[in-house]
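A.B. asks: Mind looking over this structure? Questions follow.
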Protein chains: 2
Amino acid sequence: MKVALIQQKYHGTKELTIKHTQEAIKKAKEAGAELIVLQELHQDRYFCINENVDNFDLAENYHSDVEFWAKIAKELTVVLVVSLFEKRAAGLYHNTVVVFEKDGIIAGKYRKMHIPDDPGFYEKFYFTPGDLGFEPIQTSIGKLGVLICWDQWFPEAARLMALKGADILIYPTAIGWFDEDSLDEKQKQLDSWITIQRGHAIANGLPVISVNRVGKEIDDSEVLDGIHFWGNSFAVDAQGAFLYRASDDKEDIGLVDIDFKVSEGIRRIWPFLRDRRIENYSEITKIFID
Amino acid sequence: MKVALIQQKYHGTKELTIKHTQEAIKKAKEAGAELIVLQELHQDRYFCINENVDNFDLAENYHSDVEFWAKIAKELTVVLVVSLFEKRAAGLYHNTVVVFEKDGIIAGKYRKMHIPDDPGFYEKFYFTPGDLGFEPIQTSIGKLGVLICWDQWFPEAARLMALKGADILIYPTAIGWFDEDSLDEKQKQLDSWITIQRGHAIANGLPVISVNRVGKEIDDSEVLDGIHFWGNSFAVDAQGAFLYRASDDKEDIGLVDIDFKVSEGIRRIWPFLRDRRIENYSEITKIFID
C-alpha cells in the first residue's frame, strides 16, 4: 500500500494554505497513494503560539471544514487523515483528527489526549483533553492508530493502540525549534523526537508515520520570536528502520510503500507481546508511585 | 558521579572470566568509578544457548558467588551491579541482579521479569519470571532502576521504575547476532536495540546505561552455530543523547560522568510526567484488547 506524507508550511492565509494542500493531495493520488496523511492543524498557522481568545474563531467552521475534506477524499477515492480545530460547544474545543474513507464517509475521529503547554505551545489554553480514549480507526486499508503530536512522547498511547489491533501508528504533528537555541540543542531535540517514535514502532512491532509542519511562523503577540517548524516527516517499519525522511526546511510529498505483512514477520522474531507481565503493570495508572 | 560499564567476553572458564572481571573492576575504581555495572550472567558463558539440565549446576554456588562479589564491593568501596544465576530451590531458578553498597551490604536485588525464548536464547527453560516486581534499588549514590536484557523491549518496565523514583535505568544484557544473518539485518537489529532503550531515556527523562557481552560463543549442542554477542554497551543522558558507546568486538571499560541534576532540567522543558492520561491507561494490564 502506498502512503503519502504531506509536509507543508503555512501560506499566509487559510485559503491559500488549503489550495496548496489540495494540489499536494492530487499529486499524491496521481502517484498512487491510497492513504494520505496531513500534518497537525494543517489548515492554518499554528495559532497556539500565544493565548488569544480571538483564535477560537478558527474553530467556527469545523463542520464545513469536515464537509470540505470529505468531498476531497470522495473525489480522489483516498483514505484521508486531516487534523482540525474542533468547536464542540462554546468554550469547549478539541484538537481533532478526522479520518475519511475512500467514499468520503467519516471512518472515525480521534481527539488529542495528551495536551502540551510550553512557552509557544499554549495548547492547554485552547484544547480540552480528548474524551474518546485511544481507539484505532477501522478503514478499508487497515486499522489506523491515529495519535497527535504530544501523544508521541507517551509509550502508553502507542501501546494501547497496538493492543487494540492497530496496523500502523500515525502522528500528525507540529513541532519545531526556537532559533535562539544552540545547534547542538536543536539536533538533540530533533533526534529525541525521532528516536522515541521509532521506539514505539519497535516496542509494538508496527510501522510509524509522522507528518510535521515546516517553515518559520512568527509570534504576532511579539512575546516570542516564533517557531521554526523542523519538518523531518518520516516513516519507519515495524523494526524502527527508516523508509522515508523529509528535509527540515522544504515542503514535500513523501511516498512510502507499507506492507502490514512485514509487521507479522517482525513480531514473530521479536514476540514482545507474548511476554508482557500484565499482572505487574497495574501501577502504570498512577501519576507517581510515592 | 563516574560510572563504569564493563563489557567483556567469556574467557573459557568461570575462574578465568571472573579474574578478568576483577581486574577490570579494579581499573574502573582507579579511574574514579563509584558505580560499576557488569553484563548479564557475566561469570560464565551464555549457557541459555541450548537446553541442558546439567547447566542448572551453574547456579549451585549462588550464595558463595554473592559473598564473593560483596567482598569486592567492600574492598574497593564501590556500588557494584552483578548479574547471577540464582538457585532458589531445586527446580526453581532466577536470572537475578544483586546490587552491593560500598560497604558490601546487599542494597537490593532484582529478578528478571520478562523472560525471552528464541532459538539460542532458551531462557524460559532456565528462569522462572521474577516475583519482585519493578522496584528501584536505593543506594548511597542514587536510586537504581535495574532491569535485565529482554526487559529493555518493554516500555512498561522503564515507566514503572521511573514512577517509583528511579534516578537511572540500568540494563545488564547479553544480546548478539547470528553470523548467518545479512549485514543489513544485523545492523537493523543493533539499531532497534539501541533505539528502544534511548526511547526509554526520553520518555522517562532518565539516563540509561546498558552493558552487553561481546565475542562469539559456540553452541556445544551443535544445533546452532553460536551467538556473536554484539557489545555496543552504551550510556545516554535523560534526553537520549549518547554519552558513551563501546565497540562491537572488543572488551572495554567505559567511564561516564552522570549528573542526575541534568534529568531535572530536561524534565522541566519536556514535562511528560505532568500530562499522562492515567484514567485512560487501565487496559494496559490486558494481554490484548479484543
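Scheme for the C-alpha cells: letters A, B, ... for chains in order shown; per-chain residue numbers from 1; ligand numbers from 1 in order shown.
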Which residues of chain B come within 9 Å of chain A, and what is each one's closest atom pair and distance in Å (one decimal), counting only C-alpha atoms, sorted by chain and residue number, as CSV?
C.D. replies:
```
residue,atom,partner,partner_atom,distance
B:Met113,CA,A:Arg277,CA,7.2
B:His114,CA,A:Asp275,CA,6.1
B:Ile115,CA,A:Asp275,CA,6.9
B:Pro116,CA,A:Asp275,CA,7.3
B:Asp117,CA,A:Pro271,CA,9.0
B:Asp118,CA,A:Ile269,CA,7.7
B:Pro129,CA,A:Arg277,CA,8.9
B:Gly133,CA,A:Asn280,CA,6.4
B:Phe134,CA,A:Asn280,CA,7.9
B:Trp150,CA,A:Phe272,CA,8.8
B:Trp153,CA,A:Ala203,CA,5.9
B:Phe154,CA,A:Ala203,CA,6.5
B:Pro155,CA,A:Pro155,CA,6.4
B:Glu156,CA,A:Tyr281,CA,6.8
B:Ala157,CA,A:Tyr281,CA,8.0
B:Arg159,CA,A:Ile284,CA,7.4
B:Leu160,CA,A:Ile284,CA,6.4
B:Ala162,CA,A:Phe288,CA,8.5
B:Leu163,CA,A:Phe288,CA,4.9
B:Lys164,CA,A:Ile289,CA,5.0
B:Gly165,CA,A:Ile289,CA,7.6
B:Lys188,CA,A:Ala241,CA,6.7
B:Gln189,CA,A:Gln239,CA,7.8
B:Asp191,CA,A:Ala241,CA,8.1
B:Ser192,CA,A:Gly240,CA,6.2
B:Trp193,CA,A:Ile202,CA,8.6
B:Thr195,CA,A:Gly199,CA,6.0
B:Ile196,CA,A:Gly199,CA,4.4
B:Gln197,CA,A:Gly199,CA,7.8
B:Arg198,CA,A:Thr195,CA,7.0
B:Gly199,CA,A:Ile196,CA,4.4
B:His200,CA,A:Ile196,CA,7.7
B:Ala201,CA,A:Ile196,CA,8.9
B:Ile202,CA,A:Ser192,CA,6.6
B:Ala203,CA,A:Trp153,CA,5.9
B:Gln239,CA,A:Ser192,CA,6.4
B:Gly240,CA,A:Ser192,CA,6.3
B:Ala241,CA,A:Lys188,CA,6.7
B:Ile269,CA,A:Asp118,CA,7.7
B:Trp270,CA,A:Asp118,CA,8.4
B:Pro271,CA,A:Pro116,CA,8.5
B:Phe272,CA,A:Trp153,CA,7.0
B:Leu273,CA,A:Ile287,CA,7.4
B:Arg274,CA,A:Ile287,CA,8.0
B:Asp275,CA,A:His114,CA,6.1
B:Arg276,CA,A:His114,CA,6.7
B:Arg277,CA,A:His114,CA,6.8
B:Ile278,CA,A:Thr285,CA,4.7
B:Glu279,CA,A:Thr285,CA,6.7
B:Asn280,CA,A:Gly133,CA,6.4
B:Tyr281,CA,A:Thr285,CA,5.8
B:Ser282,CA,A:Thr285,CA,6.0
B:Glu283,CA,A:Leu160,CA,7.3
B:Ile284,CA,A:Leu160,CA,6.4
B:Thr285,CA,A:Ile278,CA,4.7
B:Lys286,CA,A:Ile278,CA,6.2
B:Ile287,CA,A:Ile278,CA,6.5
B:Phe288,CA,A:Leu163,CA,4.8
B:Ile289,CA,A:Lys164,CA,5.0
B:Asp290,CA,A:Lys164,CA,6.5
```
A.B. asks: Need the shell around Leu84 (chain A): protein/DNA/RNA residues with any atom at most 8 Å away, counting only C-alpha atoms. Skip same-chain ones fewer than 4 positions apart. Format as a list of chain:residue names?
C.D. replies: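 That gives A:Glu40, A:Leu41, A:His42, A:Gln43, A:Ala59, A:Tyr62, A:Asp65, A:Asn95, A:Thr96, A:Val97, A:Val98.
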A.B. asks: Check the smallest atom-to-atom distance from each of A:Phe125, A:Ser263, A:Lys71, A:Leu243 to Ala166 (chain A) using only C-alpha atoms, then report the winner.
C.D. replies: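 Answer, going by the shortest atom-to-atom distance: A:Ser263.
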A.B. asks: Please return, as a PyMOL selection string, all residues of region 92-203 of chain A that DSSP assigns to alpha helix (DSSP H) on the basis of the backbone.
C.D. replies: chain A and resi 123-126+155-163+183-203
A.B. asks: Those selected residues, please, written with C-alpha atoms and delivered as a compact mmCIF listing (two decimals), in the first residue's frame.
C.D. replies:
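Saved result, again_14.txt, follows:
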```
# COMPACT_ATOMS: atom_id res chain seq x y z
CA GLU A 123 -2.35 24.13 23.91
CA LYS A 124 -3.92 23.73 27.35
CA PHE A 125 -5.48 27.14 26.76
CA TYR A 126 -7.13 26.03 23.52
CA PRO A 155 4.55 4.97 25.27
CA GLU A 156 1.17 4.19 26.85
CA ALA A 157 -0.70 5.74 23.90
CA ALA A 158 1.18 3.71 21.31
CA ARG A 159 0.86 0.53 23.36
CA LEU A 160 -2.91 0.87 23.79
CA MET A 161 -3.36 1.39 20.04
CA ALA A 162 -1.27 -1.75 19.41
CA LEU A 163 -3.24 -3.80 21.96
CA LEU A 183 22.63 23.99 17.01
CA ASP A 184 23.59 21.18 19.39
CA GLU A 185 20.40 21.59 21.44
CA LYS A 186 18.32 21.69 18.24
CA GLN A 187 19.87 18.49 16.96
CA LYS A 188 19.30 16.78 20.31
CA GLN A 189 15.63 17.74 20.34
CA LEU A 190 15.05 16.56 16.77
CA ASP A 191 16.91 13.34 17.47
CA SER A 192 14.87 12.68 20.65
CA TRP A 193 11.64 13.28 18.74
CA ILE A 194 12.53 10.80 16.03
CA THR A 195 14.03 8.26 18.44
CA ILE A 196 11.05 7.98 20.77
CA GLN A 197 8.67 7.40 17.86
CA ARG A 198 10.98 4.78 16.35
CA GLY A 199 10.91 3.24 19.82
CA HIS A 200 7.12 2.93 19.62
CA ALA A 201 7.48 1.12 16.29
CA ILE A 202 9.96 -1.33 17.80
CA ALA A 203 8.12 -1.91 21.11
```
A.B. asks: Based on the backbone DSSP call, show me all residues of region 54-160 of chain B assigned strand (DSSP E), as a count of residues only.
C.D. replies: 34
A.B. asks: List the neighbours of Ile106 (chain A) out to 10 Å using only C-alpha atoms; skip same-chain residues closer than 6 positions along the sequence, and give me the result as a list of chain:residue names.
C.D. replies: A:Val66, A:Glu67, A:Ala70, A:Ala73, A:Val79, A:Leu80, A:Val98, A:Val99, A:Phe100, A:Ile137, A:Thr139
A.B. asks: Tell me, as a list in words, which residues lie within 9 Å of Leu224 (chain A), counting only C-alpha atoms; anything in the same chain fewer than 4 positions away does not count.
C.D. replies: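 Close residues of Leu224 (chain A): Ile49, Asn50, Pro119, Gly120, Ile218, Asp219 and Asp220 of chain A.
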A.B. asks: Generate a file of the selected residues that holds C-alpha atoms, formatted as a PDB file, in the first residue's frame.
C.D. replies:
```pdb
ATOM      1  CA  ILE A  49       1.999  30.145  19.689  1.00  0.00           C
ATOM      2  CA  ASN A  50       0.221  32.594  22.011  1.00  0.00           C
ATOM      3  CA  PRO A 119       6.089  28.673  26.013  1.00  0.00           C
ATOM      4  CA  GLY A 120       4.982  28.976  22.359  1.00  0.00           C
ATOM      5  CA  ILE A 218       6.123  34.433  13.856  1.00  0.00           C
ATOM      6  CA  ASP A 219       4.510  35.138  17.222  1.00  0.00           C
ATOM      7  CA  ASP A 220       2.271  38.118  16.396  1.00  0.00           C
TER       8      ASP A 220
END
```
A.B. asks: Smallest atom-to-atom distance to Asn212 (chain A): which of A:Asp248, A:Asp225, A:Glu30, A:Asp179, using only C-alpha atoms?
C.D. replies: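 Going through A:Asp248, A:Asp225, A:Glu30, A:Asp179 one by one, the smallest distance to Asn212 (chain A) is for A:Asp248.
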A.B. asks: Work out how far CA of Glu135 (chain A) is from CA of Leu5 (chain A), in Å to one decimal.
C.D. replies: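 Between these atoms lies a distance of 21.7 Å.
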A.B. asks: Which residues, written as a list in words, have at least one atom at most 8 Å from Lys216 (chain A), with only C-alpha atoms counted and residues fewer than 2 positions away on the same chain left out?
C.D. replies: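 Using only C-alpha atoms, the neighbours found are Val214, Ile218, Gly226, Ile227, His228 and Phe229 of chain A.
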A.B. asks: Emit the selected residues as a CSV table (one decimal), in the first residue's frame, including C-alpha atoms.
C.D. replies:
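Writing done, so here's out07.csv:
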```csv
chain,number,residue,atom,x,y,z
A,214,VAL,CA,7.8,23.1,8.2
A,218,ILE,CA,6.1,34.4,13.9
A,226,GLY,CA,8.5,32.5,16.7
A,227,ILE,CA,8.7,28.7,16.0
A,228,HIS,CA,10.9,27.2,13.3
A,229,PHE,CA,9.0,24.0,12.5
```
A.B. asks: Tell me, in Å to one decimal, how far CA of Gly108 (chain A) is from CA of Ser140 (chain A).
C.D. replies: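 About the pair CA of Gly108 (chain A) and CA of Ser140 (chain A): they are 12.1 Å apart.
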A.B. asks: Could you work out how far CA of Ala24 (chain B) lies from CA of Leu38 (chain B), giving the answer in Å with one decimal?
C.D. replies: 10.0 Å
A.B. asks: So, with only C-alpha atoms as the atoms that count, which of A:Phe68, A:Tyr110, A:Tyr122, A:Trp230 lies closest to Ser247 (chain A)?
C.D. replies: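 Once distances to Ser247 (chain A) are computed over only C-alpha atoms, the minimum belongs to A:Trp230.
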